[in-house]
$ cat structure-v4.txt   # compact mmCIF, C-alpha atoms and all ligand atoms
# COMPACT_ATOMS: atom_id res chain seq x y z
CA MET A 1267 166.53 109.86 154.85
CA THR A 1268 165.08 107.18 152.58
CA ILE A 1269 166.65 104.55 150.37
CA VAL A 1270 167.71 106.33 147.20
CA ASP A 1271 165.37 105.49 144.35
CA THR A 1272 167.36 104.68 141.20
CA PRO A 1273 166.13 103.38 137.82
CA GLU A 1274 167.62 99.96 138.77
CA ARG A 1275 165.69 99.92 142.03
CA ARG A 1276 162.46 100.90 140.27
CA GLN A 1277 163.08 97.96 137.93
CA LEU A 1278 163.70 95.69 140.92
CA ARG A 1279 160.40 96.75 142.47
CA GLU A 1280 158.58 96.05 139.19
CA LEU A 1281 160.26 92.66 138.85
CA THR A 1282 159.28 91.74 142.41
CA ARG A 1283 155.71 92.93 141.99
CA ALA A 1284 155.31 90.97 138.72
CA PHE A 1285 156.78 87.84 140.39
CA VAL A 1286 154.37 88.07 143.32
CA THR A 1287 151.37 88.74 141.10
CA LYS A 1288 152.07 85.84 138.72
CA GLU A 1289 153.91 83.24 140.80
CA VAL A 1290 152.63 83.78 144.36
CA LEU A 1291 149.16 85.30 144.70
CA PRO A 1292 147.26 82.56 142.80
CA TYR A 1293 148.79 79.86 145.06
CA LEU A 1294 149.48 81.46 148.44
CA ASP A 1295 146.29 80.14 150.08
CA ASP A 1296 147.15 76.60 148.97
CA TRP A 1297 150.67 76.93 150.40
CA GLU A 1298 149.26 78.25 153.66
CA ARG A 1299 147.12 75.10 153.88
CA ALA A 1300 150.00 72.81 152.79
CA GLY A 1301 152.32 74.32 155.40
CA GLU A 1302 155.13 75.04 152.95
CA VAL A 1303 156.05 76.64 149.64
CA PRO A 1304 157.10 74.36 146.76
CA ARG A 1305 160.75 73.90 145.80
CA SER A 1306 159.91 75.03 142.27
CA LEU A 1307 159.23 78.53 143.63
CA HIS A 1308 162.89 78.83 144.65
CA GLU A 1309 163.99 77.93 141.13
CA THR A 1310 161.53 80.35 139.54
CA ALA A 1311 162.72 83.17 141.82
CA ALA A 1312 166.35 82.27 141.09
CA LYS A 1313 165.83 82.26 137.31
CA ILE A 1314 164.68 85.89 137.30
CA GLY A 1315 167.50 86.90 139.64
CA LEU A 1316 165.32 87.61 142.68
CA LEU A 1317 166.67 84.90 145.00
CA GLY A 1318 170.26 86.15 144.67
CA ILE A 1319 169.61 89.83 145.43
CA GLY A 1320 172.00 91.07 148.11
CA PHE A 1321 174.59 88.36 147.36
CA PRO A 1322 177.63 89.11 145.16
CA GLU A 1323 177.80 87.66 141.66
CA SER A 1324 181.14 86.05 142.63
CA VAL A 1325 179.23 83.55 144.84
CA GLY A 1326 176.33 83.01 142.46
CA GLY A 1327 174.19 85.94 143.59
CA SER A 1328 172.56 88.67 141.54
CA GLY A 1329 174.48 91.54 143.15
CA GLY A 1330 172.93 94.46 144.99
CA ASP A 1331 173.28 95.24 148.66
CA LEU A 1332 171.32 95.21 151.91
CA LEU A 1333 169.15 98.09 150.69
CA ASP A 1334 168.15 96.15 147.57
CA SER A 1335 167.22 93.14 149.74
CA ILE A 1336 165.10 95.45 151.86
CA LEU A 1337 163.32 96.77 148.78
CA VAL A 1338 162.52 93.21 147.66
CA THR A 1339 161.12 92.28 151.09
CA GLU A 1340 159.08 95.50 151.17
CA GLU A 1341 157.67 94.97 147.69
CA VAL A 1342 156.80 91.27 148.20
CA ILE A 1343 154.59 92.20 151.16
CA ARG A 1344 153.15 95.36 149.65
CA SER A 1345 152.19 93.35 146.54
CA GLY A 1346 150.02 91.02 148.62
CA GLY A 1347 152.66 88.49 149.70
CA SER A 1348 153.43 88.03 153.37
CA SER A 1349 156.17 87.91 155.98
CA GLY A 1350 155.58 84.12 156.11
CA LEU A 1351 156.41 83.90 152.43
CA ILE A 1352 159.60 85.92 153.00
CA ALA A 1353 160.57 83.56 155.82
CA ALA A 1354 160.05 80.50 153.62
CA LEU A 1355 161.50 81.66 150.32
CA PHE A 1356 164.36 83.80 151.63
CA THR A 1357 165.60 81.58 154.49
CA HIS A 1358 168.95 81.60 152.73
CA GLY A 1359 169.20 85.23 153.87
CA ILE A 1360 170.04 83.83 157.32
CA ALA A 1361 171.56 80.46 156.29
CA LEU A 1362 174.25 81.68 153.86
CA PRO A 1363 175.83 85.00 154.93
CA HIS A 1364 178.29 83.39 157.40
CA MET A 1365 179.58 81.14 154.59
CA VAL A 1366 179.90 84.04 152.17
CA ALA A 1367 181.77 86.11 154.78
CA SER A 1368 184.17 83.19 155.44
CA ARG A 1369 185.25 83.19 151.76
CA ASP A 1370 185.56 79.41 151.96
CA ASP A 1371 185.39 78.37 148.28
CA GLY A 1372 184.56 74.75 149.17
CA LEU A 1373 181.48 75.76 151.18
CA ILE A 1374 180.51 78.43 148.66
CA ASP A 1375 180.58 75.93 145.77
CA ARG A 1376 178.78 73.17 147.67
CA TYR A 1377 176.07 75.19 149.39
CA VAL A 1378 175.92 78.88 148.46
CA ARG A 1379 175.81 78.61 144.67
CA PRO A 1380 173.19 75.82 144.47
CA THR A 1381 171.01 77.61 147.04
CA LEU A 1382 171.10 80.88 145.14
CA ALA A 1383 170.33 78.89 141.97
CA GLY A 1384 167.19 77.61 143.73
CA THR A 1385 168.24 73.93 143.65
CA MET A 1386 169.10 73.63 147.37
CA ILE A 1387 167.36 74.95 150.47
CA GLY A 1388 169.27 75.97 153.58
CA ALA A 1389 168.27 76.76 157.16
CA LEU A 1390 169.93 78.34 160.20
CA ALA A 1391 169.74 76.51 163.54
CA ILE A 1392 170.65 78.45 166.66
CA THR A 1393 167.65 78.10 169.00
CA GLU A 1394 167.44 75.07 171.29
CA PRO A 1395 164.63 73.69 173.44
CA ASP A 1396 166.40 75.09 176.53
CA GLY A 1397 166.40 78.63 175.16
CA GLY A 1398 166.95 80.95 172.23
CA SER A 1399 167.70 84.38 173.70
CA ASP A 1400 170.86 83.22 175.45
CA VAL A 1401 172.93 82.32 172.37
CA ALA A 1402 176.10 81.79 174.42
CA GLY A 1403 174.26 79.10 176.42
CA ILE A 1404 173.98 76.72 173.45
CA ARG A 1405 174.27 73.08 174.52
CA THR A 1406 174.46 71.21 171.20
CA CYS A 1407 178.05 70.01 171.25
CA ALA A 1408 180.62 69.09 168.62
CA ARG A 1409 183.52 66.89 169.79
CA ARG A 1410 186.51 66.71 167.49
CA ASP A 1411 187.38 63.20 166.26
CA GLY A 1412 190.14 63.27 163.62
CA ASP A 1413 188.91 65.09 160.54
CA HIS A 1414 185.29 65.02 161.77
CA TYR A 1415 183.18 66.53 164.53
CA VAL A 1416 180.70 64.33 166.37
CA VAL A 1417 177.56 66.39 167.05
CA ASN A 1418 174.97 65.71 169.75
CA GLY A 1419 172.03 67.88 170.73
CA SER A 1420 168.80 69.35 169.42
CA LYS A 1421 167.42 72.52 167.87
CA THR A 1422 163.90 73.86 167.65
CA TYR A 1423 161.70 76.40 165.82
CA ILE A 1424 163.95 76.11 162.74
CA THR A 1425 162.52 77.92 159.71
CA SER A 1426 162.54 75.74 156.56
CA GLY A 1427 163.96 72.94 158.71
CA VAL A 1428 161.52 70.41 157.21
CA ARG A 1429 162.49 71.14 153.59
CA SER A 1430 166.14 72.14 153.97
CA ASP A 1431 169.00 70.17 152.39
CA PHE A 1432 171.52 71.57 154.85
CA VAL A 1433 171.48 73.42 158.12
CA THR A 1434 173.99 76.03 159.25
CA THR A 1435 174.15 74.87 162.85
CA ALA A 1436 175.53 76.63 165.92
CA VAL A 1437 177.43 74.14 168.09
CA CYS A 1438 179.46 74.34 171.23
CA THR A 1439 183.04 73.16 170.76
CA ASP A 1440 183.83 73.08 174.49
CA PHE A 1441 181.60 72.03 177.39
CA PRO A 1442 177.82 72.74 176.99
CA GLY A 1443 176.94 76.36 177.69
CA SER A 1444 180.59 77.50 177.60
CA GLY A 1445 179.96 80.03 174.84
CA SER A 1446 182.74 78.55 172.65
CA LEU A 1447 180.65 78.41 169.52
CA SER A 1448 181.33 77.28 165.99
CA LEU A 1449 179.09 77.03 162.94
CA LEU A 1450 178.89 73.69 161.11
CA VAL A 1451 177.03 72.98 157.89
CA ILE A 1452 175.18 69.72 158.48
CA GLU A 1453 173.58 67.94 155.52
CA LYS A 1454 170.19 66.29 155.57
CA GLY A 1455 170.70 62.53 155.27
CA THR A 1456 173.79 62.44 157.49
CA PRO A 1457 173.32 59.43 159.81
CA GLY A 1458 172.01 60.50 163.23
CA PHE A 1459 170.52 63.79 161.95
CA THR A 1460 166.73 63.62 162.03
CA VAL A 1461 163.98 66.15 161.46
CA GLY A 1462 161.41 65.67 164.16
CA ARG A 1463 158.02 67.28 164.29
CA ARG A 1464 156.76 69.82 161.78
CA LEU A 1465 155.65 72.49 164.25
CA GLU A 1466 152.17 73.98 163.96
CA LYS A 1467 151.98 77.73 164.50
CA LEU A 1468 149.73 80.75 164.99
CA GLY A 1469 150.95 82.31 161.75
CA TRP A 1470 153.59 81.97 159.01
CA HIS A 1471 151.61 78.92 157.83
CA CYS A 1472 153.35 78.71 154.44
CA SER A 1473 156.72 78.57 156.20
CA ASP A 1474 157.63 75.14 157.57
CA THR A 1475 159.20 75.06 161.03
CA ALA A 1476 160.99 72.05 162.51
CA GLU A 1477 162.63 70.42 165.46
CA LEU A 1478 166.02 68.89 164.65
CA SER A 1479 167.87 66.15 166.50
CA PHE A 1480 171.56 65.21 166.32
CA VAL A 1481 172.77 61.89 167.76
CA ASP A 1482 176.46 61.13 167.11
CA VAL A 1483 176.30 62.94 163.76
CA ARG A 1484 179.70 62.88 162.03
CA VAL A 1485 180.35 66.17 160.25
CA PRO A 1486 183.55 66.77 158.24
CA VAL A 1487 185.81 69.47 159.71
CA ALA A 1488 185.72 70.98 156.21
CA ASN A 1489 182.07 71.90 156.93
CA ARG A 1490 183.07 74.28 159.72
CA ILE A 1491 182.53 77.93 158.79
CA GLY A 1492 185.63 79.94 159.64
CA PRO A 1493 188.06 79.09 162.46
CA GLU A 1494 186.90 77.14 165.53
CA ASP A 1495 185.25 79.22 168.30
CA THR A 1496 184.43 82.19 166.03
CA GLY A 1497 180.77 81.21 165.76
CA PHE A 1498 179.42 83.63 168.36
CA LEU A 1499 180.97 86.63 166.62
CA ALA A 1500 179.80 85.40 163.20
CA ILE A 1501 176.23 84.99 164.49
CA MET A 1502 176.22 88.44 166.09
CA GLN A 1503 177.62 90.08 162.93
CA GLN A 1504 174.82 88.65 160.78
CA PHE A 1505 172.07 89.51 163.26
CA ALA A 1506 171.98 93.09 161.92
CA THR A 1507 170.76 91.91 158.51
CA GLU A 1508 168.22 89.49 159.99
CA ARG A 1509 166.85 92.11 162.38
CA LEU A 1510 166.54 94.71 159.64
CA SER A 1511 164.75 92.17 157.46
CA LEU A 1512 162.27 91.50 160.28
CA ALA A 1513 161.88 95.26 160.81
CA THR A 1514 161.18 95.64 157.09
CA GLN A 1515 158.61 92.84 157.23
CA ALA A 1516 156.98 94.70 160.11
CA TYR A 1517 156.64 98.14 158.51
CA ALA A 1518 155.75 96.65 155.09
CA THR A 1519 153.00 94.55 156.72
CA ALA A 1520 151.78 97.73 158.41
CA GLN A 1521 151.80 99.63 155.10
CA ARG A 1522 149.87 96.84 153.38
CA CYS A 1523 147.31 96.77 156.19
CA VAL A 1524 146.85 100.54 156.01
CA GLU A 1525 146.13 100.13 152.30
CA LEU A 1526 143.69 97.26 152.88
CA ALA A 1527 141.90 99.08 155.70
CA THR A 1528 141.66 102.34 153.76
CA ARG A 1529 140.11 100.56 150.78
CA TRP A 1530 137.68 98.74 153.08
CA CYS A 1531 136.64 101.92 154.90
CA ARG A 1532 135.95 103.69 151.60
CA ASP A 1533 133.78 100.82 150.35
CA ARG A 1534 131.97 99.81 153.53
CA SER A 1535 128.96 101.82 154.65
CA THR A 1536 127.29 101.76 158.05
CA PHE A 1537 124.27 103.80 159.11
CA GLY A 1538 124.00 105.05 155.52
CA ARG A 1539 127.51 106.51 155.18
CA PRO A 1540 130.94 105.13 154.22
CA LEU A 1541 133.10 104.32 157.24
CA ALA A 1542 135.81 106.63 155.87
CA SER A 1543 133.45 109.63 156.17
CA ARG A 1544 133.55 109.42 159.99
CA GLN A 1545 136.19 111.46 161.73
CA LEU A 1546 136.97 108.70 164.23
CA VAL A 1547 137.73 106.26 161.40
CA ARG A 1548 139.69 108.82 159.34
CA HIS A 1549 141.83 109.68 162.35
CA ARG A 1550 142.43 106.02 163.10
CA LEU A 1551 143.60 105.47 159.50
CA ALA A 1552 145.76 108.60 159.70
CA GLU A 1553 147.43 107.33 162.86
CA MET A 1554 148.03 103.91 161.31
CA HIS A 1555 149.57 105.51 158.21
CA THR A 1556 151.75 107.83 160.31
CA ARG A 1557 153.15 104.99 162.44
CA ALA A 1558 153.87 102.82 159.38
CA GLU A 1559 155.61 105.67 157.54
CA ALA A 1560 157.67 106.72 160.58
CA ALA A 1561 158.81 103.12 161.03
CA ARG A 1562 159.71 102.84 157.34
CA ALA A 1563 161.74 106.07 157.42
CA TYR A 1564 163.66 105.01 160.54
CA VAL A 1565 164.37 101.47 159.30
CA HIS A 1566 165.61 102.89 155.97
CA ASP A 1567 167.84 105.35 157.81
CA VAL A 1568 169.42 102.63 159.94
CA ALA A 1569 169.76 100.29 156.95
CA GLU A 1570 171.64 102.99 155.03
CA ARG A 1571 174.01 103.32 157.97
CA VAL A 1572 174.54 99.55 158.20
CA ALA A 1573 175.18 99.40 154.45
CA ALA A 1574 177.74 102.20 154.87
CA GLY A 1575 179.57 100.07 157.46
CA GLU A 1576 178.65 102.10 160.55
CA PRO A 1577 178.58 100.14 163.84
CA VAL A 1578 174.93 100.77 164.71
CA VAL A 1579 173.99 97.72 166.82
CA THR A 1580 171.82 99.81 169.16
CA GLU A 1581 170.04 101.55 166.29
CA VAL A 1582 169.28 98.21 164.60
CA ALA A 1583 167.66 97.01 167.84
CA MET A 1584 165.66 100.26 168.08
CA ALA A 1585 164.61 99.99 164.42
CA LYS A 1586 163.29 96.46 165.01
CA ASN A 1587 161.32 97.51 168.08
CA VAL A 1588 159.92 100.66 166.44
CA ALA A 1589 158.78 98.74 163.35
CA VAL A 1590 157.31 95.84 165.37
CA ALA A 1591 155.37 98.25 167.61
CA ALA A 1592 154.00 100.08 164.56
CA CYS A 1593 153.04 96.78 162.96
CA ASP A 1594 151.33 95.43 166.10
CA PHE A 1595 149.25 98.61 166.39
CA VAL A 1596 148.33 98.70 162.70
CA VAL A 1597 147.41 95.02 162.19
CA ASP A 1598 145.14 95.14 165.24
CA ALA A 1599 143.45 98.37 164.13
CA ALA A 1600 143.13 97.15 160.52
CA LEU A 1601 141.43 93.94 161.62
CA GLN A 1602 139.06 95.88 163.91
CA LEU A 1603 138.08 98.24 161.06
CA HIS A 1604 137.17 95.20 158.95
CA GLY A 1605 134.64 94.09 161.59
CA GLY A 1606 133.59 90.43 161.43
CA PHE A 1607 135.12 89.97 157.97
CA GLY A 1608 138.54 90.78 159.44
CA TYR A 1609 138.31 87.64 161.58
CA LEU A 1610 137.74 85.35 158.58
CA ARG A 1611 140.36 83.37 156.68
CA ASP A 1612 139.01 85.06 153.52
CA ALA A 1613 140.37 88.42 154.68
CA GLU A 1614 144.02 89.14 153.83
CA VAL A 1615 144.25 91.27 156.96
CA GLU A 1616 143.53 88.17 159.09
CA ARG A 1617 146.73 86.50 157.76
CA HIS A 1618 148.82 89.61 158.45
CA TYR A 1619 147.40 89.81 161.99
CA ARG A 1620 148.56 86.23 162.70
CA ASP A 1621 151.86 86.51 160.81
CA ALA A 1622 152.86 89.74 162.54
CA ARG A 1623 153.01 88.23 166.03
CA ILE A 1624 156.33 86.44 165.41
CA LEU A 1625 158.18 89.63 164.39
CA GLY A 1626 158.74 90.72 168.00
CA ILE A 1627 160.00 87.22 168.89
CA GLY A 1628 162.23 86.01 166.04
CA GLY A 1629 165.79 87.24 165.51
CA GLY A 1630 165.93 88.42 169.14
CA THR A 1631 162.83 89.34 171.13
CA THR A 1632 161.64 92.87 171.89
CA GLU A 1633 162.97 92.43 175.44
CA ILE A 1634 166.41 91.34 174.18
CA MET A 1635 166.42 94.38 171.82
CA ASN A 1636 165.70 96.55 174.87
CA GLU A 1637 168.67 94.95 176.66
CA ILE A 1638 170.90 95.91 173.72
CA ILE A 1639 169.48 99.45 173.68
CA ALA A 1640 169.99 99.82 177.43
CA LYS A 1641 173.61 98.68 177.07
CA GLY A 1642 174.06 101.20 174.26
CA MET A 1643 172.83 103.88 176.72
CA GLY A 1644 175.55 102.82 179.13
CA LEU A 1645 173.06 101.26 181.57
C1 LIG B 1 158.09 80.79 163.68
C2 LIG B 1 159.46 80.83 164.28
C3 LIG B 1 160.57 80.75 163.43
C4 LIG B 1 161.86 80.72 163.99
N1 LIG B 1 162.93 80.53 163.16
C5 LIG B 1 164.15 80.29 163.73
C6 LIG B 1 165.26 79.89 162.90
O1 LIG B 1 165.15 79.76 161.68
N2 LIG B 1 166.44 79.63 163.53
C7 LIG B 1 166.61 79.76 164.88
O2 LIG B 1 167.71 79.50 165.36
N3 LIG B 1 165.58 80.16 165.67
C8 LIG B 1 164.36 80.42 165.12
N4 LIG B 1 163.30 80.80 165.93
C9 LIG B 1 163.51 80.95 167.36
C10 LIG B 1 163.48 82.39 167.85
O3 LIG B 1 164.62 83.09 167.41
C11 LIG B 1 163.38 82.31 169.38
O4 LIG B 1 162.07 81.84 169.68
C12 LIG B 1 163.65 83.62 170.07
O5 LIG B 1 165.00 84.00 169.92
C13 LIG B 1 163.33 83.56 171.58
O6 LIG B 1 163.92 82.46 172.17
P1 LIG B 1 163.02 81.47 173.06
O7 LIG B 1 161.81 81.12 172.29
O8 LIG B 1 163.87 80.36 173.53
O9 LIG B 1 162.56 82.35 174.28
P2 LIG B 1 163.35 82.56 175.67
O10 LIG B 1 164.75 82.91 175.40
O11 LIG B 1 163.08 81.40 176.56
O12 LIG B 1 162.59 83.84 176.26
C14 LIG B 1 161.26 83.74 176.79
C15 LIG B 1 160.76 85.14 177.13
O13 LIG B 1 161.62 85.71 178.12
C16 LIG B 1 162.14 86.95 177.65
N5 LIG B 1 163.51 87.10 178.12
C17 LIG B 1 164.55 86.24 177.90
N6 LIG B 1 165.67 86.70 178.48
C18 LIG B 1 165.34 87.88 179.06
C19 LIG B 1 166.08 88.85 179.81
N7 LIG B 1 167.38 88.72 180.03
N8 LIG B 1 165.42 89.94 180.27
C20 LIG B 1 164.10 90.09 180.03
N9 LIG B 1 163.35 89.22 179.31
C21 LIG B 1 163.98 88.12 178.84
C22 LIG B 1 162.06 86.88 176.15
O14 LIG B 1 162.03 88.16 175.56
C23 LIG B 1 160.77 86.10 175.94
O15 LIG B 1 159.69 86.99 176.05
C24 LIG B 1 162.02 80.86 165.38
C25 LIG B 1 160.91 80.99 166.22
C26 LIG B 1 159.63 80.94 165.68
C27 LIG B 1 158.45 80.99 166.61
$ encode --input "structure-v4.txt" --output "structure tokens" --more "lines below"
Ligand SMILES: Cc1cc2nc3c(=O)[nH]c(=O)nc-3n(C[C@H](O)[C@H](O)[C@H](O)COP(=O)(O)OP(=O)(O)OC[C@H]3O[C@@H](n4cnc5c(N)ncnc54)[C@H](O)[C@@H]3O)c2cc1C
Amino acid sequence: MTIVDTPERRQLRELTRAFVTKEVLPYLDDWERAGEVPRSLHETAAKIGLLGIGFPESVGGSGGDLLDSILVTEEVIRSGGSSGLIAALFTHGIALPHMVASRDDGLIDRYVRPTLAGTMIGALAITEPDGGSDVAGIRTCARRDGDHYVVNGSKTYITSGVRSDFVTTAVCTDFPGSGSLSLLVIEKGTPGFTVGRRLEKLGWHCSDTAELSFVDVRVPVANRIGPEDTGFLAIMQQFATERLSLATQAYATAQRCVELATRWCRDRSTFGRPLASRQLVRHRLAEMHTRAEAARAYVHDVAERVAAGEPVVTEVAMAKNVAVAACDFVVDAALQLHGGFGYLRDAEVERHYRDARILGIGGGTTEIMNEIIAKGMGL
């Protein structure tokens, strides 16, 4: 099965492609060097309705569902954008859904609407220096003090953490590592909340990544998302969307690299003949294309089932692993087919090769996905 193509979705693809061509491609190299995308890009994307795709109009979104968000992600990358750009510009895809699901009008007005309007930037902070895979082991603690929580702890590897105005933060509301988690929205500028180092990375250069520190940070109880101790469930419920987004970034990166490598192999001649005329090269391209297409079809199938409300936790984990494996194979092969040029910053395929490596780590590693799959098998 594949995501049903409707006239609206064709329009959405065209809108996305035009946005990337005009607003992204001329500047992407500069943003990669600067280590972040400008705030104005969020406003531009919001104005044309792209930022709010997948969020209901009642909270300031543009409407559409998970499948529409997937199409946007797919088209951004296939138009020459990158998974790093998706991480930077669409961080709200992981920072806001818990607030929207809570139906808390106060939080929606203060954080969701301005973010979808492109005037605020949000981040999601779960991972800590002591570990990211073991979400229940979170040690950043929030102690209740009247109508505030007092937060102490630290977070790391936080996407858009340098630029964000607020951070949806997972905190422990009992003793550290107890698994009693809540989500608090913590605003930049709150005394005791500091952004530490801007972390330098292998890839995703246009996406800023930060360490965050909380020392006696007073956060109003009104900034808690949902009832106390429901954070773990809320995080797990939203993981499906994040994992499918990462899976989409993986197969779309693979598709883009197949396209780039195919073009290169048609144009590049060695020993007097185009590379694409050699059976070895043609078969390599065929295998790359097959793996990318199979991953796309499976991710679409699982996404349709998630959108229909089916409980497919295991399938989401399998979709992420299938797409990441396809992507890893394809980016490596695409770079190899480019020869020395593939290793240069001037080659688009070089950026995809570096950017792809995070996809099997973020949002739950390949090993953690295998744990989920094994549990689903009754093991
Ligand atoms: C660029 C980037 C952006 C990120 N953005 C965010 C963000 O916005 N918000 C956020 O909260 N986090 C973010 N992360 C963190 C990311 O989600 C974590 O790095 C990831 O979940 C893994 O956690 P960890 O790094 O602590 O590794 P660990 O949990 O320490 O794991 C280390 C290794 O051990 C393996 N492993 C762990 N447990 C098991 C097990 N039980 N069985 C077998 N193998 C196991 C893992 O698969 C991994 O290979 C980001 C990370 C990066 C690099």
$ residues_near_ligand --input "structure-v4.txt" --ligand "ligand LIG 1 (chain B)" --cutoff "9 Å" --atoms "only C-alpha atoms and all ligand atoms" --output "number ranges by chain"
A: 1350, 1353, 1357, 1360-1361, 1389-1401, 1421-1427, 1435-1436, 1465, 1467-1471, 1473-1476, 1621, 1624-1637
$ closest_residue --input "structure-v4.txt" --among "A:Arg1611, A:His1414, A:Arg1344, A:Arg1522" --to "Val1485 of chain A" --atoms "only C-alpha atoms"
A:His1414
$ closest_residue --input "structure-v4.txt" --among "A:Val1524, A:Ala1622, A:Val1303, A:Met1502" --to "Arg1429 of chain A" --atoms "only C-alpha atoms"
A:Val1303
$ closest_residue --input "structure-v4.txt" --among "A:Cys1407, A:Ala1560, A:Leu1447, A:Leu1317" --to "Leu1355 of chain A" --atoms "only C-alpha atoms"
A:Leu1317
$ atom_distance --input "structure-v4.txt" --atom1 "atom CA of Tyr1619 of chain A" --atom2 "atom CA of Val1342 of chain A"
16.8 Å
$ closest_residue --input "structure-v4.txt" --among "A:Ser1535, A:Thr1514, A:Thr1406, A:Thr1528" --to "Asn1587 of chain A" --atoms "all atoms listed in the file"
A:Thr1514
$ atom_distance --input "structure-v4.txt" --atom1 "atom CA of Ala1569 of chain A" --atom2 "atom CA of Gly1644 of chain A"
23.1 Å
$ closest_residue --input "structure-v4.txt" --among "A:Ile1352, A:Ala1506, A:Val1481, A:Leu1603" --to "Leu1541 of chain A" --atoms "all atoms listed in the file"
A:Leu1603
$ closest_residue --input "structure-v4.txt" --among "A:Val1568, A:Leu1337, A:Leu1449, A:Ala1527" --to "Glu1616 of chain A" --atoms "all atoms listed in the file"
A:Ala1527
